[in-house]
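Raw contents of input39.csv, CSV, N, CA and C atoms:
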```
chain,number,residue,atom,x,y,z
A,1,MET,N,-5.2,8.0,-13.6
A,1,MET,CA,-5.3,8.1,-12.1
A,1,MET,C,-4.3,7.2,-11.5
A,2,ALA,N,-3.6,7.6,-10.5
A,2,ALA,CA,-2.6,6.7,-9.9
A,2,ALA,C,-2.9,6.5,-8.5
A,3,PHE,N,-2.6,5.3,-8.0
A,3,PHE,CA,-2.6,5.0,-6.6
A,3,PHE,C,-1.3,4.4,-6.3
A,4,LYS,N,-0.8,4.5,-5.1
A,4,LYS,CA,0.4,3.8,-4.8
A,4,LYS,C,0.6,3.7,-3.3
A,5,LEU,N,1.5,2.9,-3.0
A,5,LEU,CA,1.9,2.7,-1.6
A,5,LEU,C,2.6,4.0,-1.2
A,6,GLY,N,2.5,4.4,0.1
A,6,GLY,CA,3.2,5.6,0.5
A,6,GLY,C,4.7,5.6,0.4
A,7,LYS,N,5.3,6.7,0.3
A,7,LYS,CA,6.7,6.9,0.3
A,7,LYS,C,7.3,6.9,1.7
A,8,GLU,N,6.5,7.4,2.6
A,8,GLU,CA,6.9,7.6,3.9
A,8,GLU,C,6.9,6.3,4.7
A,9,ILE,N,7.9,6.1,5.5
A,9,ILE,CA,8.0,4.9,6.4
A,9,ILE,C,7.8,5.5,7.8
A,10,ARG,N,6.8,5.1,8.4
A,10,ARG,CA,6.4,5.6,9.8
A,10,ARG,C,6.3,4.4,10.7
A,11,LYS,N,6.4,4.7,12.0
A,11,LYS,CA,6.1,3.7,13.0
A,11,LYS,C,4.6,3.5,13.1
A,12,PRO,N,4.1,2.3,13.4
A,12,PRO,CA,2.7,2.0,13.5
A,12,PRO,C,2.0,2.8,14.6
A,13,ILE,N,0.9,3.4,14.2
A,13,ILE,CA,0.0,4.0,15.3
A,13,ILE,C,-1.3,3.3,15.4
A,14,ALA,N,-1.7,2.6,14.3
A,14,ALA,CA,-2.9,1.8,14.4
A,14,ALA,C,-2.7,0.5,15.0
A,15,SER,N,-3.5,0.1,16.0
A,15,SER,CA,-3.3,-1.2,16.6
A,15,SER,C,-3.9,-2.3,15.8
A,16,ARG,N,-3.4,-3.5,15.9
A,16,ARG,CA,-4.0,-4.6,15.2
A,16,ARG,C,-5.5,-4.7,15.4
A,17,GLY,N,-6.2,-5.0,14.4
A,17,GLY,CA,-7.6,-5.0,14.5
A,17,GLY,C,-8.3,-3.7,14.4
A,18,ASN,N,-7.5,-2.6,14.3
A,18,ASN,CA,-8.1,-1.2,14.2
A,18,ASN,C,-8.1,-0.7,12.8
A,19,ILE,N,-7.8,-1.5,11.8
A,19,ILE,CA,-7.6,-1.0,10.4
A,19,ILE,C,-9.0,-0.6,9.9
A,20,LYS,N,-10.1,-1.0,10.4
A,20,LYS,CA,-11.4,-0.7,9.9
A,20,LYS,C,-11.7,0.8,10.1
A,21,THR,N,-10.9,1.5,11.0
A,21,THR,CA,-11.1,2.9,11.2
A,21,THR,C,-9.7,3.6,11.2
A,22,PRO,N,-9.0,3.6,10.0
A,22,PRO,CA,-7.7,4.2,10.0
A,22,PRO,C,-7.8,5.7,10.0
A,23,HIS,N,-6.8,6.4,10.3
A,23,HIS,CA,-6.8,7.8,10.3
A,23,HIS,C,-6.6,8.2,8.8
A,24,VAL,N,-7.6,8.9,8.3
A,24,VAL,CA,-7.6,9.4,6.9
A,24,VAL,C,-7.4,10.9,6.9
A,25,TYR,N,-6.5,11.4,6.1
A,25,TYR,CA,-6.4,12.8,6.0
A,25,TYR,C,-6.1,13.2,4.6
A,26,ARG,N,-6.3,14.5,4.3
A,26,ARG,CA,-6.1,15.0,2.9
A,26,ARG,C,-4.7,15.7,2.9
A,27,LYS,N,-4.1,15.6,1.7
A,27,LYS,CA,-2.7,16.1,1.6
A,27,LYS,C,-2.4,16.3,0.1
A,28,GLU,N,-1.5,17.2,-0.1
A,28,GLU,CA,-1.0,17.5,-1.5
A,28,GLU,C,-0.1,16.3,-1.8
A,29,LEU,N,-0.5,15.6,-2.9
A,29,LEU,CA,0.2,14.4,-3.3
A,29,LEU,C,0.9,14.7,-4.7
A,30,ASP,N,1.8,13.9,-5.1
A,30,ASP,CA,2.4,14.0,-6.4
A,30,ASP,C,1.4,14.1,-7.5
A,31,GLU,N,1.8,14.8,-8.6
A,31,GLU,CA,0.8,14.9,-9.7
A,31,GLU,C,0.3,13.6,-10.2
A,32,GLY,N,-1.0,13.5,-10.3
A,32,GLY,CA,-1.6,12.3,-10.8
A,32,GLY,C,-1.9,11.2,-9.7
A,33,VAL,N,-1.4,11.4,-8.5
A,33,VAL,CA,-1.6,10.4,-7.4
A,33,VAL,C,-2.8,10.9,-6.6
A,34,LYS,N,-3.7,9.9,-6.5
A,34,LYS,CA,-5.0,10.2,-5.8
A,34,LYS,C,-5.0,9.8,-4.3
A,35,GLY,N,-4.2,8.8,-4.0
A,35,GLY,CA,-4.2,8.3,-2.6
A,35,GLY,C,-3.0,7.5,-2.3
A,36,GLU,N,-2.6,7.4,-1.0
A,36,GLU,CA,-1.5,6.6,-0.6
A,36,GLU,C,-1.8,6.0,0.8
A,37,ALA,N,-1.5,4.7,0.9
A,37,ALA,CA,-1.6,4.0,2.2
A,37,ALA,C,-0.2,3.9,2.8
A,38,TYR,N,-0.2,4.1,4.1
A,38,TYR,CA,1.1,4.0,4.8
A,38,TYR,C,1.1,2.9,5.8
A,39,ALA,N,2.4,2.4,6.1
A,39,ALA,CA,2.6,1.3,6.9
A,39,ALA,C,2.1,1.5,8.4
A,40,ASP,N,1.9,2.8,8.8
A,40,ASP,CA,1.4,3.1,10.1
A,40,ASP,C,-0.1,3.0,10.2
A,41,GLY,N,-0.8,2.6,9.1
A,41,GLY,CA,-2.2,2.5,9.2
A,41,GLY,C,-3.0,3.7,8.8
A,42,THR,N,-2.3,4.8,8.3
A,42,THR,CA,-2.9,6.0,7.9
A,42,THR,C,-3.1,6.0,6.4
A,43,ILE,N,-4.0,6.8,5.9
A,43,ILE,CA,-4.3,6.9,4.5
A,43,ILE,C,-4.3,8.4,4.1
A,44,ALA,N,-3.6,8.8,3.1
A,44,ALA,CA,-3.7,10.1,2.6
A,44,ALA,C,-4.5,10.1,1.3
A,45,ILE,N,-5.4,11.1,1.2
A,45,ILE,CA,-6.2,11.3,-0.1
A,45,ILE,C,-5.9,12.7,-0.6
A,46,SER,N,-5.7,12.8,-1.9
A,46,SER,CA,-5.4,14.1,-2.5
A,46,SER,C,-6.3,15.2,-2.1
A,47,LYS,N,-5.8,16.3,-1.9
A,47,LYS,CA,-6.6,17.5,-1.6
A,47,LYS,C,-7.5,17.9,-2.8
A,48,ASP,N,-7.1,17.4,-4.0
A,48,ASP,CA,-7.9,17.7,-5.2
A,48,ASP,C,-9.2,17.0,-5.3
A,49,ILE,N,-9.4,16.0,-4.4
A,49,ILE,CA,-10.7,15.2,-4.4
A,49,ILE,C,-11.6,15.7,-3.4
A,50,LYS,N,-12.8,15.9,-3.8
A,50,LYS,CA,-13.9,16.5,-2.9
A,50,LYS,C,-14.3,15.4,-1.9
A,51,PRO,N,-14.2,15.7,-0.6
A,51,PRO,CA,-14.7,14.7,0.4
A,51,PRO,C,-16.2,14.4,0.2
A,52,GLY,N,-16.5,13.1,0.3
A,52,GLY,CA,-17.9,12.7,0.1
A,52,GLY,C,-18.2,12.3,-1.3
A,53,SER,N,-17.4,12.7,-2.2
A,53,SER,CA,-17.7,12.4,-3.7
A,53,SER,C,-17.5,11.0,-4.0
A,54,SER,N,-18.0,10.6,-5.1
A,54,SER,CA,-17.8,9.2,-5.5
A,54,SER,C,-16.3,8.9,-5.8
A,55,LYS,N,-15.6,9.8,-6.3
A,55,LYS,CA,-14.1,9.6,-6.5
A,55,LYS,C,-13.4,9.4,-5.1
A,56,TYR,N,-13.9,10.2,-4.1
A,56,TYR,CA,-13.3,10.1,-2.8
A,56,TYR,C,-13.5,8.6,-2.2
A,57,LYS,N,-14.8,8.2,-2.4
A,57,LYS,CA,-15.1,6.8,-2.0
A,57,LYS,C,-14.3,5.8,-2.7
A,58,GLU,N,-14.1,5.9,-4.0
A,58,GLU,CA,-13.3,5.0,-4.8
A,58,GLU,C,-11.9,5.0,-4.3
A,59,VAL,N,-11.3,6.1,-4.1
A,59,VAL,CA,-9.9,6.2,-3.7
A,59,VAL,C,-9.7,5.6,-2.3
A,60,LEU,N,-10.7,6.0,-1.4
A,60,LEU,CA,-10.6,5.5,0.0
A,60,LEU,C,-10.7,3.9,0.0
A,61,THR,N,-11.6,3.4,-0.8
A,61,THR,CA,-11.7,1.9,-0.8
A,61,THR,C,-10.5,1.3,-1.4
A,62,HIS,N,-9.9,1.9,-2.4
A,62,HIS,CA,-8.6,1.3,-2.9
A,62,HIS,C,-7.5,1.3,-1.8
A,63,GLU,N,-7.4,2.4,-1.2
A,63,GLU,CA,-6.3,2.6,-0.1
A,63,GLU,C,-6.6,1.7,1.1
A,64,MET,N,-7.9,1.5,1.4
A,64,MET,CA,-8.3,0.7,2.5
A,64,MET,C,-7.9,-0.8,2.2
A,65,ASP,N,-8.0,-1.2,1.0
A,65,ASP,CA,-7.5,-2.5,0.6
A,65,ASP,C,-6.1,-2.7,0.9
A,66,HIS,N,-5.3,-1.7,0.5
A,66,HIS,CA,-3.8,-1.7,0.8
A,66,HIS,C,-3.6,-1.8,2.3
A,67,ALA,N,-4.3,-0.9,3.0
A,67,ALA,CA,-4.1,-0.9,4.5
A,67,ALA,C,-4.4,-2.2,5.1
A,68,LYS,N,-5.5,-2.8,4.7
A,68,LYS,CA,-5.8,-4.1,5.2
A,68,LYS,C,-4.7,-5.2,5.0
A,69,ARG,N,-4.2,-5.2,3.8
A,69,ARG,CA,-3.1,-6.1,3.5
A,69,ARG,C,-1.8,-5.8,4.2
A,70,ILE,N,-1.5,-4.5,4.4
A,70,ILE,CA,-0.4,-4.2,5.1
A,70,ILE,C,-0.5,-4.6,6.6
A,71,GLU,N,-1.7,-4.5,7.2
A,71,GLU,CA,-1.9,-4.9,8.5
A,71,GLU,C,-1.7,-6.4,8.7
A,72,THR,N,-2.2,-7.2,7.8
A,72,THR,CA,-2.1,-8.6,7.9
A,72,THR,C,-0.7,-9.1,7.6
A,73,GLY,N,0.1,-8.3,7.0
A,73,GLY,CA,1.5,-8.7,6.7
A,73,GLY,C,1.6,-9.3,5.2
A,74,GLU,N,0.5,-9.3,4.6
A,74,GLU,CA,0.5,-9.8,3.2
A,74,GLU,C,1.2,-8.8,2.3
A,75,LEU,N,1.2,-7.5,2.6
A,75,LEU,CA,1.9,-6.5,1.8
A,75,LEU,C,2.7,-5.6,2.8
A,76,THR,N,4.0,-5.4,2.5
A,76,THR,CA,4.8,-4.5,3.2
A,76,THR,C,5.7,-3.8,2.2
A,77,TYR,N,6.3,-2.7,2.6
A,77,TYR,CA,7.2,-2.0,1.7
A,77,TYR,C,8.2,-1.2,2.5
A,78,GLY,N,9.3,-0.9,1.8
A,78,GLY,CA,10.3,0.0,2.2
A,78,GLY,C,10.7,0.9,1.1
A,79,GLU,N,11.7,1.7,1.4
A,79,GLU,CA,12.1,2.7,0.3
A,79,GLU,C,12.5,2.0,-1.0
A,80,ASN,N,13.1,0.8,-0.9
A,80,ASN,CA,13.7,0.2,-2.0
A,80,ASN,C,13.1,-1.1,-2.4
A,81,TYR,N,12.0,-1.5,-1.8
A,81,TYR,CA,11.3,-2.8,-2.1
A,81,TYR,C,9.8,-2.7,-1.7
A,82,VAL,N,9.2,-3.7,-2.3
A,82,VAL,CA,7.8,-4.1,-1.9
A,82,VAL,C,7.8,-5.6,-1.7
A,83,ARG,N,7.2,-6.0,-0.6
A,83,ARG,CA,7.1,-7.4,-0.3
A,83,ARG,C,5.7,-7.8,-0.3
A,84,TRP,N,5.4,-8.8,-1.2
A,84,TRP,CA,4.0,-9.3,-1.4
A,84,TRP,C,4.0,-10.7,-1.2
A,85,LEU,N,3.3,-11.2,-0.1
A,85,LEU,CA,3.3,-12.6,0.3
A,85,LEU,C,1.9,-13.1,0.4
A,86,PRO,N,1.2,-13.2,-0.7
A,86,PRO,CA,-0.2,-13.7,-0.5
A,86,PRO,C,-0.2,-15.2,-0.1
A,87,LYS,N,-1.2,-15.6,0.5
A,87,LYS,CA,-1.3,-17.0,0.8
A,87,LYS,C,-1.3,-17.9,-0.4
A,88,HIS,N,-0.7,-19.1,-0.3
A,88,HIS,CA,-0.6,-20.0,-1.4
A,88,HIS,C,0.2,-19.5,-2.6
A,89,SER,N,1.2,-18.8,-2.3
A,89,SER,CA,2.1,-18.3,-3.4
A,89,SER,C,3.5,-18.9,-3.3
A,90,ASP,N,4.0,-19.2,-4.5
A,90,ASP,CA,5.4,-19.8,-4.5
A,90,ASP,C,6.4,-18.7,-4.9
A,91,GLU,N,6.0,-17.4,-5.0
A,91,GLU,CA,6.9,-16.4,-5.3
A,91,GLU,C,7.7,-16.0,-4.1
A,92,ASP,N,9.0,-15.5,-4.3
A,92,ASP,CA,9.8,-15.1,-3.2
A,92,ASP,C,9.3,-13.9,-2.5
A,93,GLY,N,8.5,-13.1,-3.1
A,93,GLY,CA,7.8,-12.0,-2.5
A,93,GLY,C,8.5,-10.7,-2.4
A,94,PHE,N,9.7,-10.6,-2.8
A,94,PHE,CA,10.4,-9.3,-2.7
A,94,PHE,C,10.6,-8.7,-4.1
A,95,TYR,N,10.2,-7.4,-4.3
A,95,TYR,CA,10.3,-6.8,-5.6
A,95,TYR,C,11.0,-5.4,-5.4
A,96,LYS,N,12.0,-5.2,-6.3
A,96,LYS,CA,12.7,-3.9,-6.2
A,96,LYS,C,11.8,-2.7,-6.5
A,97,ARG,N,12.1,-1.6,-5.8
A,97,ARG,CA,11.4,-0.4,-5.9
A,97,ARG,C,12.4,0.7,-6.1
A,98,LYS,N,12.2,1.4,-7.2
A,98,LYS,CA,13.2,2.5,-7.5
A,98,LYS,C,12.6,3.6,-8.4
A,99,ASP,N,12.8,4.8,-8.0
A,99,ASP,CA,12.3,5.9,-8.9
A,99,ASP,C,10.9,5.8,-9.3
A,100,GLY,N,10.0,5.4,-8.4
A,100,GLY,CA,8.6,5.4,-8.7
A,100,GLY,C,8.1,4.2,-9.5
A,101,HIS,N,9.0,3.2,-9.6
A,101,HIS,CA,8.7,2.0,-10.4
A,101,HIS,C,9.0,0.7,-9.5
A,102,ILE,N,8.4,-0.4,-9.9
A,102,ILE,CA,8.6,-1.6,-9.2
A,102,ILE,C,8.9,-2.7,-10.2
A,103,GLU,N,9.9,-3.5,-9.9
A,103,GLU,CA,10.2,-4.6,-10.8
A,103,GLU,C,9.4,-5.8,-10.4
A,104,TYR,N,8.6,-6.3,-11.4
A,104,TYR,CA,7.8,-7.5,-11.1
A,104,TYR,C,7.9,-8.4,-12.3
A,105,LYS,N,8.3,-9.6,-12.0
A,105,LYS,CA,8.5,-10.6,-13.1
A,105,LYS,C,9.3,-10.1,-14.2
A,106,GLY,N,10.4,-9.5,-13.9
A,106,GLY,CA,11.3,-9.0,-15.0
A,106,GLY,C,11.0,-7.7,-15.7
A,107,GLU,N,9.9,-7.1,-15.3
A,107,GLU,CA,9.5,-5.9,-16.0
A,107,GLU,C,9.3,-4.8,-14.9
A,108,TRP,N,9.6,-3.6,-15.3
A,108,TRP,CA,9.5,-2.4,-14.4
A,108,TRP,C,8.1,-1.7,-14.7
A,109,TYR,N,7.3,-1.6,-13.7
A,109,TYR,CA,6.0,-1.0,-13.8
A,109,TYR,C,5.9,0.2,-12.9
A,110,PRO,N,5.2,1.3,-13.3
A,110,PRO,CA,5.1,2.4,-12.4
A,110,PRO,C,4.3,2.0,-11.2
A,111,GLU,N,4.6,2.6,-10.1
A,111,GLU,CA,3.9,2.3,-8.8
A,111,GLU,C,2.4,2.6,-9.1
A,112,GLY,N,1.5,1.7,-8.6
A,112,GLY,CA,0.1,1.9,-8.8
A,112,GLY,C,-0.4,1.2,-10.1
A,113,HIS,N,0.5,0.6,-10.9
A,113,HIS,CA,0.1,-0.1,-12.1
A,113,HIS,C,-0.9,-1.3,-11.8
A,114,PRO,N,-2.0,-1.4,-12.5
A,114,PRO,CA,-2.9,-2.5,-12.2
A,114,PRO,C,-2.4,-3.9,-12.5
A,115,HIS,N,-1.2,-4.0,-13.2
A,115,HIS,CA,-0.6,-5.3,-13.4
A,115,HIS,C,0.0,-5.9,-12.2
A,116,LEU,N,0.4,-5.1,-11.2
A,116,LEU,CA,1.0,-5.5,-10.0
A,116,LEU,C,-0.1,-6.2,-9.2
A,117,PRO,N,0.1,-7.4,-8.6
A,117,PRO,CA,-1.0,-8.1,-8.0
A,117,PRO,C,-1.7,-7.4,-6.8
A,118,TRP,N,-1.0,-6.7,-6.0
A,118,TRP,CA,-1.6,-6.0,-4.9
A,118,TRP,C,-2.4,-4.8,-5.4
A,119,GLU,N,-2.0,-4.3,-6.5
A,119,GLU,CA,-2.8,-3.2,-7.1
A,119,GLU,C,-4.1,-3.7,-7.8
A,120,ALA,N,-3.9,-4.9,-8.5
A,120,ALA,CA,-5.1,-5.5,-9.1
A,120,ALA,C,-6.2,-5.7,-8.1
A,121,LEU,N,-5.8,-6.2,-6.9
A,121,LEU,CA,-6.8,-6.5,-5.9
A,121,LEU,C,-7.5,-5.2,-5.4
A,122,ALA,N,-6.6,-4.2,-5.2
A,122,ALA,CA,-7.2,-2.9,-4.7
A,122,ALA,C,-8.1,-2.3,-5.8
A,123,PHE,N,-7.7,-2.4,-7.1
A,123,PHE,CA,-8.6,-1.9,-8.1
A,123,PHE,C,-9.9,-2.6,-8.2
A,124,GLN,N,-9.9,-3.9,-7.9
A,124,GLN,CA,-11.1,-4.7,-7.9
A,124,GLN,C,-12.0,-4.1,-6.8
A,125,ALA,N,-11.4,-3.9,-5.6
A,125,ALA,CA,-12.2,-3.3,-4.5
A,125,ALA,C,-12.8,-1.9,-4.9
A,126,SER,N,-11.9,-1.1,-5.5
A,126,SER,CA,-12.4,0.3,-5.8
A,126,SER,C,-13.4,0.3,-6.9
A,127,ASN,N,-13.3,-0.7,-7.8
A,127,ASN,CA,-14.3,-0.8,-8.9
A,127,ASN,C,-15.7,-1.2,-8.3
A,128,LYS,N,-15.7,-2.0,-7.3
A,128,LYS,CA,-16.9,-2.4,-6.7
A,128,LYS,C,-17.6,-1.1,-6.0
A,129,ALA,N,-16.7,-0.3,-5.4
A,129,ALA,CA,-17.2,0.9,-4.8
A,129,ALA,C,-17.8,1.9,-5.8
A,130,LYS,N,-17.2,1.9,-7.0
A,130,LYS,CA,-17.7,2.8,-8.1
A,130,LYS,C,-19.1,2.4,-8.5
A,131,LYS,N,-19.3,1.1,-8.5
A,131,LYS,CA,-20.6,0.6,-8.9
A,131,LYS,C,-21.7,0.7,-7.9
A,132,SER,N,-21.3,0.8,-6.6
A,132,SER,CA,-22.3,0.9,-5.6
A,132,SER,C,-22.8,2.3,-5.3
```
Before we go any further, please render this structure as structure tokens.
Amino acid sequence: MAFKLGKEIRKPIASRGNIKTPHVYRKELDEGVKGEAYADGTIAISKDIKPGSSKYKEVLTHEMDHAKRIETGELTYGENYVRWLPKHSDEDGFYKRKDGHIEYKGEWYPEGHPHLPWEALAFQASNKAKKS
């Protein structure tokens, strides 16, 4: 199962403090991709996932974690980069993004890979949702 940041760059529609109720919609996503969070505060969930199911809840929780971090500025992205600036980090925060992969600490990982720190945190959130 893959999760990833959105490919689309959009102007923000969600106001600060409104991320608790982002616009969530269903859409045909790339093969294997279950959800995407976008910089405008919206979240897309694969049409292949039944609304209200435990998988839907898991994907929504994962993407909500991304959306929250995008809103706070901890995570941003563009077509060719991901910027990750967690508090108390000495990393420069910019990582190259190309052809569905992100270069992190000298290695290229597929988008959505749990080794990427922003993904690891989102997987933690979605794993909690699976257990509840």
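With all atoms listed in the file as the atoms that count, the residue of A:Pro114, A:Asp99, A:Asp92, A:Asp65 with the shortest distance to Asn80 of chain A is A:Asp99.
Atom CA of His23 of chain A lies 27.5 Å from atom CA of Phe94 of chain A.
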* What does the distance from atom CA of Lys105 of chain A to atom C of Lys128 of chain A come to in Å, to one decimal? -> 28.7 Å
* Asked: Suppose you want the space between atom CA of Ala44 of chain A and atom CA of Glu107 of chain A; what is it in Å?
  ->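 Result for atom CA of Ala44 of chain A versus atom CA of Glu107 of chain A: 27.9 Å, one decimal.
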* Asked: Looking only at the backbone, which of the residues in chain A does DSSP tag as helix (DSSP H, G or I), as a PyMOL selection string?
  -> chain A and resi 54-72+117-131
* Neighbour list for Leu116 of chain A as a ChimeraX atom specification, cut-off 9 Å, only C-alpha atoms, skip fewer than 6 positions in-chain -> /A:102,104,109
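Residue nearest Gly35 of chain A, chosen from A:Lys47, A:Lys131, A:Arg83, A:Lys96 and counting only N, CA and C atoms: A:Lys47.
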* With all atoms listed in the file as the atoms that count, which of A:Ile45, A:Leu85, A:Ala39, A:Ala122 lies nearest to Gly73 of chain A? ->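 Of A:Ile45, A:Leu85, A:Ala39, A:Ala122, the one nearest Gly73 of chain A is A:Leu85, counting all atoms listed in the file.
The smallest atom-to-atom distance between His66 of chain A and any of A:His115, A:Tyr38, A:Val33, A:Gly106, using all atoms listed in the file, is found for A:Tyr38.
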* Structure fact -> Restricting to only C-alpha atoms, whichever of A:Tyr81, A:Arg69, A:His62, A:Gly93 is closest to Gln124 of chain A is A:His62
Could I get segment 105-118 of chain A rebuilt with N, CA, C and O atoms, written as a PDB file, keeping the file's coordinate frame?
```
ATOM      1  N   LYS A 105       8.300  -9.600 -12.000  1.00  0.00           N
ATOM      2  CA  LYS A 105       8.500 -10.600 -13.100  1.00  0.00           C
ATOM      3  C   LYS A 105       9.300 -10.100 -14.200  1.00  0.00           C
ATOM      4  O   LYS A 105       8.943 -10.334 -15.399  1.00  0.00           O
ATOM      5  N   GLY A 106      10.400  -9.500 -13.900  1.00  0.00           N
ATOM      6  CA  GLY A 106      11.300  -9.000 -15.000  1.00  0.00           C
ATOM      7  C   GLY A 106      11.000  -7.700 -15.700  1.00  0.00           C
ATOM      8  O   GLY A 106      11.745  -7.291 -16.533  1.00  0.00           O
ATOM      9  N   GLU A 107       9.900  -7.100 -15.300  1.00  0.00           N
ATOM     10  CA  GLU A 107       9.500  -5.900 -16.000  1.00  0.00           C
ATOM     11  C   GLU A 107       9.300  -4.800 -14.900  1.00  0.00           C
ATOM     12  O   GLU A 107       8.945  -5.073 -13.785  1.00  0.00           O
ATOM     13  N   TRP A 108       9.600  -3.600 -15.300  1.00  0.00           N
ATOM     14  CA  TRP A 108       9.500  -2.400 -14.400  1.00  0.00           C
ATOM     15  C   TRP A 108       8.100  -1.700 -14.700  1.00  0.00           C
ATOM     16  O   TRP A 108       7.852  -1.382 -15.837  1.00  0.00           O
ATOM     17  N   TYR A 109       7.300  -1.600 -13.700  1.00  0.00           N
ATOM     18  CA  TYR A 109       6.000  -1.000 -13.800  1.00  0.00           C
ATOM     19  C   TYR A 109       5.900   0.200 -12.900  1.00  0.00           C
ATOM     20  O   TYR A 109       6.511   0.242 -11.783  1.00  0.00           O
ATOM     21  N   PRO A 110       5.200   1.300 -13.300  1.00  0.00           N
ATOM     22  CA  PRO A 110       5.100   2.400 -12.400  1.00  0.00           C
ATOM     23  C   PRO A 110       4.300   2.000 -11.200  1.00  0.00           C
ATOM     24  O   PRO A 110       3.388   1.158 -11.283  1.00  0.00           O
ATOM     25  N   GLU A 111       4.600   2.600 -10.100  1.00  0.00           N
ATOM     26  CA  GLU A 111       3.900   2.300  -8.800  1.00  0.00           C
ATOM     27  C   GLU A 111       2.400   2.600  -9.100  1.00  0.00           C
ATOM     28  O   GLU A 111       2.037   3.549  -9.773  1.00  0.00           O
ATOM     29  N   GLY A 112       1.500   1.700  -8.600  1.00  0.00           N
ATOM     30  CA  GLY A 112       0.100   1.900  -8.800  1.00  0.00           C
ATOM     31  C   GLY A 112      -0.400   1.200 -10.100  1.00  0.00           C
ATOM     32  O   GLY A 112      -1.611   1.204 -10.350  1.00  0.00           O
ATOM     33  N   HIS A 113       0.500   0.600 -10.900  1.00  0.00           N
ATOM     34  CA  HIS A 113       0.100  -0.100 -12.100  1.00  0.00           C
ATOM     35  C   HIS A 113      -0.900  -1.300 -11.800  1.00  0.00           C
ATOM     36  O   HIS A 113      -0.545  -2.100 -10.935  1.00  0.00           O
ATOM     37  N   PRO A 114      -2.000  -1.400 -12.500  1.00  0.00           N
ATOM     38  CA  PRO A 114      -2.900  -2.500 -12.200  1.00  0.00           C
ATOM     39  C   PRO A 114      -2.400  -3.900 -12.500  1.00  0.00           C
ATOM     40  O   PRO A 114      -2.970  -4.896 -12.095  1.00  0.00           O
ATOM     41  N   HIS A 115      -1.200  -4.000 -13.200  1.00  0.00           N
ATOM     42  CA  HIS A 115      -0.600  -5.300 -13.400  1.00  0.00           C
ATOM     43  C   HIS A 115       0.000  -5.900 -12.200  1.00  0.00           C
ATOM     44  O   HIS A 115       0.192  -7.126 -12.031  1.00  0.00           O
ATOM     45  N   LEU A 116       0.400  -5.100 -11.200  1.00  0.00           N
ATOM     46  CA  LEU A 116       1.000  -5.500 -10.000  1.00  0.00           C
ATOM     47  C   LEU A 116      -0.100  -6.200  -9.200  1.00  0.00           C
ATOM     48  O   LEU A 116      -1.215  -5.614  -9.022  1.00  0.00           O
ATOM     49  N   PRO A 117       0.100  -7.400  -8.600  1.00  0.00           N
ATOM     50  CA  PRO A 117      -1.000  -8.100  -8.000  1.00  0.00           C
ATOM     51  C   PRO A 117      -1.700  -7.400  -6.800  1.00  0.00           C
ATOM     52  O   PRO A 117      -2.914  -7.520  -6.701  1.00  0.00           O
ATOM     53  N   TRP A 118      -1.000  -6.700  -6.000  1.00  0.00           N
ATOM     54  CA  TRP A 118      -1.600  -6.000  -4.900  1.00  0.00           C
ATOM     55  C   TRP A 118      -2.400  -4.800  -5.400  1.00  0.00           C
ATOM     56  O   TRP A 118      -3.410  -4.478  -4.784  1.00  0.00           O
TER      57      TRP A 118
END
```
